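Here is the structure we will look at.
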Amino acid sequence: MSFVNRSYLPLTSSIVKNVKLYSTKIPSVRIVEVGPRDGLQNESFIVPAKAKIEFINKLSLTGLKTIEVTSFVSAKWVPQMGDNTKVFSGIEKRPEIAYPVLVPNITGLNSALTVGVQEIAVFAAASESFSKKNINCSMDEALNRIKDVADAAKEKNLKIRGYVSCVVGCPYEGKINTAAVSKTVAALLDLDCYEISLGDTIGVGTKDTMTAMLKDVLNVTSPDKLAIHCHDTYGQALPNICTALDYGVSVVDSSVSGLGGCPYARGASGNVATEDLIYMLHGMGIETGVDLMKVIEAVYNMKINATRMTTPIEEKIDEKLKVRIGMVTVSDGKTRPQPVRLHLSMEVLRLQKQEPILVDQTPRPLNSKERMVQVRRQKVGGLGLSIKGGAEHKLPILISRIYKNQAADATGELFVGDAIIKVNGEYITACPHDDAVNILRNAGDLVVLTVKHYRAATPFLQKQNQGNKDEVNLDSPREEVAVERLQPTGSRPNSLVSETDQVTRWVDIVTLPLMMAYVTRYIFGTDKLRPNAFEVRGLNGGSTGIIHCDDSAILSQWLKFITDNIIGLTHLQMKLYNRNFSISDRIEYMGWVNEGVLNNNHPWQSYKPRFFALKGTDLMLFDTPPLNVADWNKCQLLFKVYQTMFRVVKESENVDERQHCFLVQTSGQESRYLSVETRQELLRIENAWHCSVCTAVMKLGNKTFTVSYNGKTAGLTLDWNTGFSLHEADCKTPLWQYKFSQLRGSSDDGKSKLKLHFQDTESRAIETKELECAILQSLLFCMHAFLTAKVASVDPAFLCSMIP
């Protein structure tokens with residue numbers, strides 16, 4: 001199947017003109033509302049079909065002309081769209097509005113036809129990697145699938161709209177070549193798509209990258225065939241839309257409230273908000289035909305289950321250290337999850353619950369900093385406070401009482417135990433008691449007090465000393481002073497506490513050190529992922545329990561933050577250990593993996609945590625991590641890396657649902673099947689493995705294997721400096737010798753026979769050497785190690801390219 005590539009056709013003058021900026025403003029824009037489909041597909045909780053139907057019906061009353069309703073995809077891959085037929089059948093369809101649906105394949109099209117769909121959308125990507133991750137096929141294979149769908153749709157007289165994903169950036173490939181976008185657009189146009197929506201799937205576009213892409217695409221079509229679809233990851237969606245408007249694009253995709261994101265695109269934030277788009281366009285004098293207030297009302301009335309226990313993650317500084325906190329739920333995997341607070345520092349993860357605490361009875365400020373309080377004197381009661389202390393007692397002037405419903409109490413900012421430092425800017429700290437009383441009584445009707453709280457003085461001042469001549473109720477006759485127990489008043493702000501307040505504190509219920517801990521989303525010992533949940537297991541076997549997050553974005557953030565902290569601590573511990581080891585014996589990697597273990601009683605394998613380390617020439621597997629230098633000498637499972645093969649398992653080869661797996665095979669032993677939690681961790685192990693192989697081979701220098709050559713016993717030597725050489729017994733002169741670079745290939749029978757194919761440097765002819773070796777596998781593994789190390793020594797970028 002081939003597609004015409006319009007970018008290589010002669011350009012007509014009309015298309016060339018379209019590459020230039022439009023000199024006149026676009027009078028109107030058609031908004032394609034993608035909220036019900038693209039907006040909701042990435043939500044972690046399933047929105048009920050009834051709520052979706054009400055939502056779309058509300059949107060139909062706003063003036064929108066195109067509303068993308070749903071996606072006819074497998075509920076297995078996108079559970080949110082599992083109610084597609086029910087939703088499409090249930091909405092009230094208005095004749096002036098188009099209700100397209102996304103269709104990925106023939107199966108989806110057939111389902112859509114059963115409910116009377118009149119318009120479909122198909123999608124392709126401008127990125128090979130994204131295409132494979134998203135729909136598990138190459139770009140060309142995707143276009144062939146789309147052709148089958150398009151041909152069938154045209155037979156039913158359906159309109160077809162096309163999407164191109166990753167038009168400026170890809171989460172796997174980075175920047176996208178504009179020619180790839182133009183080629184994909186041209187291919188979709190050849191399939192009779194009436195309009196192509198250009199999607200900045202992960203929201204990385206800028207004015208420059210958007211301009212470059214549009215210029216290239218406008219070489220193969222005109223702007224009236226295009227729409228723009230921008231995600232707002234970095235706040236660039238509206239500026240990028242303006243750039244598209246400048247080039248004549250007059251159709252814009254958006255999602256109410258900025259809902260959205262692609263489940264297969266890392267970093268994909270929500271779409272541009274329809275409300276923001278309408279506001280901007282109307283402000284520019286561009287008509288949309290959409291009522292902004294009705295759009296807002298549609299969002300407000302959408303009945304989505306909002307009872308989430310998870311809260312966004314907050315960052316704060318606690319004792320000069322950055323910590324992250326947020327609400328999650330936790331369970332033991334059997335009982336109902338309970339809400340807790342997750343408190344994450346660099347070294348410790350804490351799960352906390354609230355419990356009430358006893359507080360003293362006196363209101364007080366939250367800190368002891370100086371503050372200025374303005375008090376308006378009342379005709380009855382004056383300032384409404386009493387004071388004690390003075391220079392003659394070597395005490396500051398302290399507020400000893402605040403009288404309920406009088407001036408000082410009305411401020412809500414003065415407290416028993418406050419020391420008065422200034423009155424209307426005049427210091428009174430050196431004043432005797434009586435002088436301070438006179439200054440306060442004669443300070444005027446509006447008095448500004450500079451005060452500072454002394455908490456230690458509060459209990460003393462609470463004592464009832466009615467007859468003390470050093471306590472004066474300012475401006476009140478002595479007989480009118482009502483000495484009463486302090487009570488909090490309604491005027492007190494929420495920052496105050498009193499004996500009747502319900503005050504709580506956060507108490508640790510789980511404390512887990514992160515040093516040599518690990519995070520897992522799998523049910524312990526199995527290949528089954530926990531939905532929206534994870535567990536952190538510690539060095540000593542402790543566990544957080546199952547931590548649940550009902551928001552997928554917050555779940556991803558917690559996993560990243562916790563994993564990053566563990567990796568940082570592990571690297572720090574590696575550096576500390578390596579101070580005790582020579583360069584050739586240093587640790588390249590250490591961390592937790594899970595090893596598949598066959599169970600004779602079951603046809604499946606279970607998984608056992610192993611602490612995996614690459615140290616010097618050795619691969620080590622521990623049941624528990626080494627806690628000191630001596631523990632490194634107590635490893636029970638130890639293999640030489642130059643006699644061991646490492647291979648990343650392809651996704652298609654996975655034996656079960658565990659992802660990110662690899663094989664480790666040592667000569668004469670069964671392969672070990674291992675897995676890690678993330679691809680990044682797998683890449684770290686792979687990179688460390690190659691580094692360890694290089695270190696081991698250079699330290700080893702050479703290795704000789706006993707072989708049979710032409711019926712005689714000989715020694716085949718692999719030498720770091722000279723390459724391959726074959727010596728007969730007691731003969732110093734080699735029968736033949738080749739550099740590693742001369743090896744062009746090898747073949748073996750899997751038992752003992754081996755053929756090595758070398759190229760002569762002068763004649764360029766291939767010379768084959770046939771050998772027999774009783775330990776063939778060990779020889780092959782060692783050859784592989786030497787060749788890997790040699791490649792790395794010639795091209796250091798070989799190792800750098802493996803770093804994630």
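How things are named: the first chain in the structure tokens is A, the next is B, and so on; residues count from 1 in each chain; ligands count from 1 in the order shown.
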Item to complete: Using backbone DSSP assignments, extract all strand (DSSP E) residues from stretch 61-213 of chain A; output them as a PyMOL selection string.
Response: chain A and resi 66-67+101-102+119-125+159-165+169-170+174-175+195-200
Worksheet entry | Spatial neighbours of stretch 312-322 of chain A, 9 Å, only C-alpha atoms, chain gap at least 3 places, as a count of residues only | 9
Worksheet item: Which residues, written as a list in words, have at least one atom at most 10 Å from A:Glu68, with only C-alpha atoms counted and residues fewer than 4 positions away on the same chain left out?
Response: Val32, Glu33, Val34, Gly35, Pro36, Arg37, Asp38, Gly39, Ile56, Ala98, Tyr99, Pro100, Val101, Leu102, Glu119, Ile120, Ala121, Asp253 and Ser255 of chain A
Worksheet item: Among stretch 52-84 of chain A, which residues carry a DSSP assignment of alpha helix (DSSP H), reported as an MDAnalysis selection string?
Response: chainID A and resid 52:59 84
Next, write the just-selected residues to a file, as an mmCIF file, in the first residue's frame, keeping N, CA and C atoms as the atom set.
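Heads up, here's the output in result37.cif:
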```cif
data_model
loop_
_atom_site.group_PDB
_atom_site.id
_atom_site.type_symbol
_atom_site.label_atom_id
_atom_site.label_comp_id
_atom_site.auth_asym_id
_atom_site.auth_seq_id
_atom_site.Cartn_x
_atom_site.Cartn_y
_atom_site.Cartn_z
ATOM 1 N N LYS A 52 -22.171 11.957 31.461
ATOM 2 C CA LYS A 52 -21.633 12.350 30.156
ATOM 3 C C LYS A 52 -22.744 12.835 29.225
ATOM 4 N N ILE A 53 -23.859 12.128 29.229
ATOM 5 C CA ILE A 53 -24.991 12.513 28.367
ATOM 6 C C ILE A 53 -25.508 13.893 28.746
ATOM 7 N N GLU A 54 -25.703 14.148 30.047
ATOM 8 C CA GLU A 54 -26.157 15.466 30.502
ATOM 9 C C GLU A 54 -25.147 16.540 30.116
ATOM 10 N N PHE A 55 -23.883 16.209 30.236
ATOM 11 C CA PHE A 55 -22.811 17.146 29.898
ATOM 12 C C PHE A 55 -22.881 17.537 28.424
ATOM 13 N N ILE A 56 -22.965 16.537 27.543
ATOM 14 C CA ILE A 56 -23.003 16.814 26.099
ATOM 15 C C ILE A 56 -24.270 17.572 25.728
ATOM 16 N N ASN A 57 -25.395 17.214 26.335
ATOM 17 C CA ASN A 57 -26.651 17.934 26.053
ATOM 18 C C ASN A 57 -26.540 19.406 26.449
ATOM 19 N N LYS A 58 -25.873 19.681 27.565
ATOM 20 C CA LYS A 58 -25.651 21.074 27.965
ATOM 21 C C LYS A 58 -24.759 21.789 26.963
ATOM 22 N N LEU A 59 -23.718 21.106 26.509
ATOM 23 C CA LEU A 59 -22.814 21.715 25.528
ATOM 24 C C LEU A 59 -23.541 22.012 24.219
ATOM 25 N N ASN A 84 -19.381 3.847 25.159
ATOM 26 C CA ASN A 84 -19.518 4.687 23.958
ATOM 27 C C ASN A 84 -20.891 4.564 23.282
#
```
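For the atom pair formed by atom CA of A:Asn240 and atom CA of A:Met280, the distance is 12.6 Å, given to one decimal.
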Show which residues sit within 8 Å of A:Ala49, as a compact mmCIF listing (two decimals) with N, CA, C and O atoms, in the first residue's frame. Count only C-alpha atoms, and ignore same-chain residues fewer than 4 positions away.
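File produced: around_12.txt:
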```txt
# COMPACT_ATOMS: atom_id res chain seq x y z
N ILE A 53 -23.86 12.13 29.23
CA ILE A 53 -24.99 12.51 28.37
C ILE A 53 -25.51 13.89 28.75
O ILE A 53 -25.74 14.75 27.87
N ASP A 83 -18.44 3.00 27.61
CA ASP A 83 -19.89 3.21 27.49
C ASP A 83 -20.24 3.96 26.20
O ASP A 83 -21.26 4.64 26.13
N LYS A 86 -23.75 3.59 24.55
CA LYS A 86 -24.78 4.11 25.45
C LYS A 86 -24.80 5.64 25.43
O LYS A 86 -25.88 6.25 25.38
N VAL A 87 -23.62 6.23 25.46
CA VAL A 87 -23.53 7.69 25.46
C VAL A 87 -24.02 8.26 24.14
O VAL A 87 -24.84 9.20 24.11
```
Worksheet item: Out of A:Thr288, A:Ile402, A:Val29, A:Ile91, which residue has the shortest atom-to-atom distance to A:Ile228 when counting only C-alpha atoms?
Response: A:Val29
Worksheet item: Nearest to A:Met139 among A:Ala180, A:Val380, A:Val47, A:Leu754, with distances taken over only C-alpha atoms: which residue is it?
Response: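 Closest residue, counting only C-alpha atoms: A:Ala180.
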Practice prompt. For A:Gly389, work out the shell of residues within 10 Å, counting only C-alpha atoms and skipping chain neighbours fewer than 2 positions away, then give it as a list in words.
Written response: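 Final neighbour list, sorted by chain and number: Ile387, Ala391, Glu392, His393, Lys394, Leu395, Pro396, Ile397, Leu398, Ile399, Ser400, Ala419, Cys431, Pro432, His433, Asp434, Ala436, Asp470 and Glu471 of chain A.
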Discussion item. For a test of reading the model, state the distance in Å between atom CA of A:Asp291 and atom CA of A:Ser250, rounded to one decimal.
Written reply: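 Rounded to one decimal, the two atoms are 18.1 Å apart.
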Practice prompt. Return the single residue from A:Thr274, A:Asn565, A:Thr695, A:Gln338 that is closest to A:Thr62, with distances computed using only C-alpha atoms.
Written response: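 Once distances to A:Thr62 are computed over only C-alpha atoms, the minimum belongs to A:Thr274.
Picture a line from atom CA of A:Arg350 to atom CA of A:Lys528; it runs 25.7 Å.
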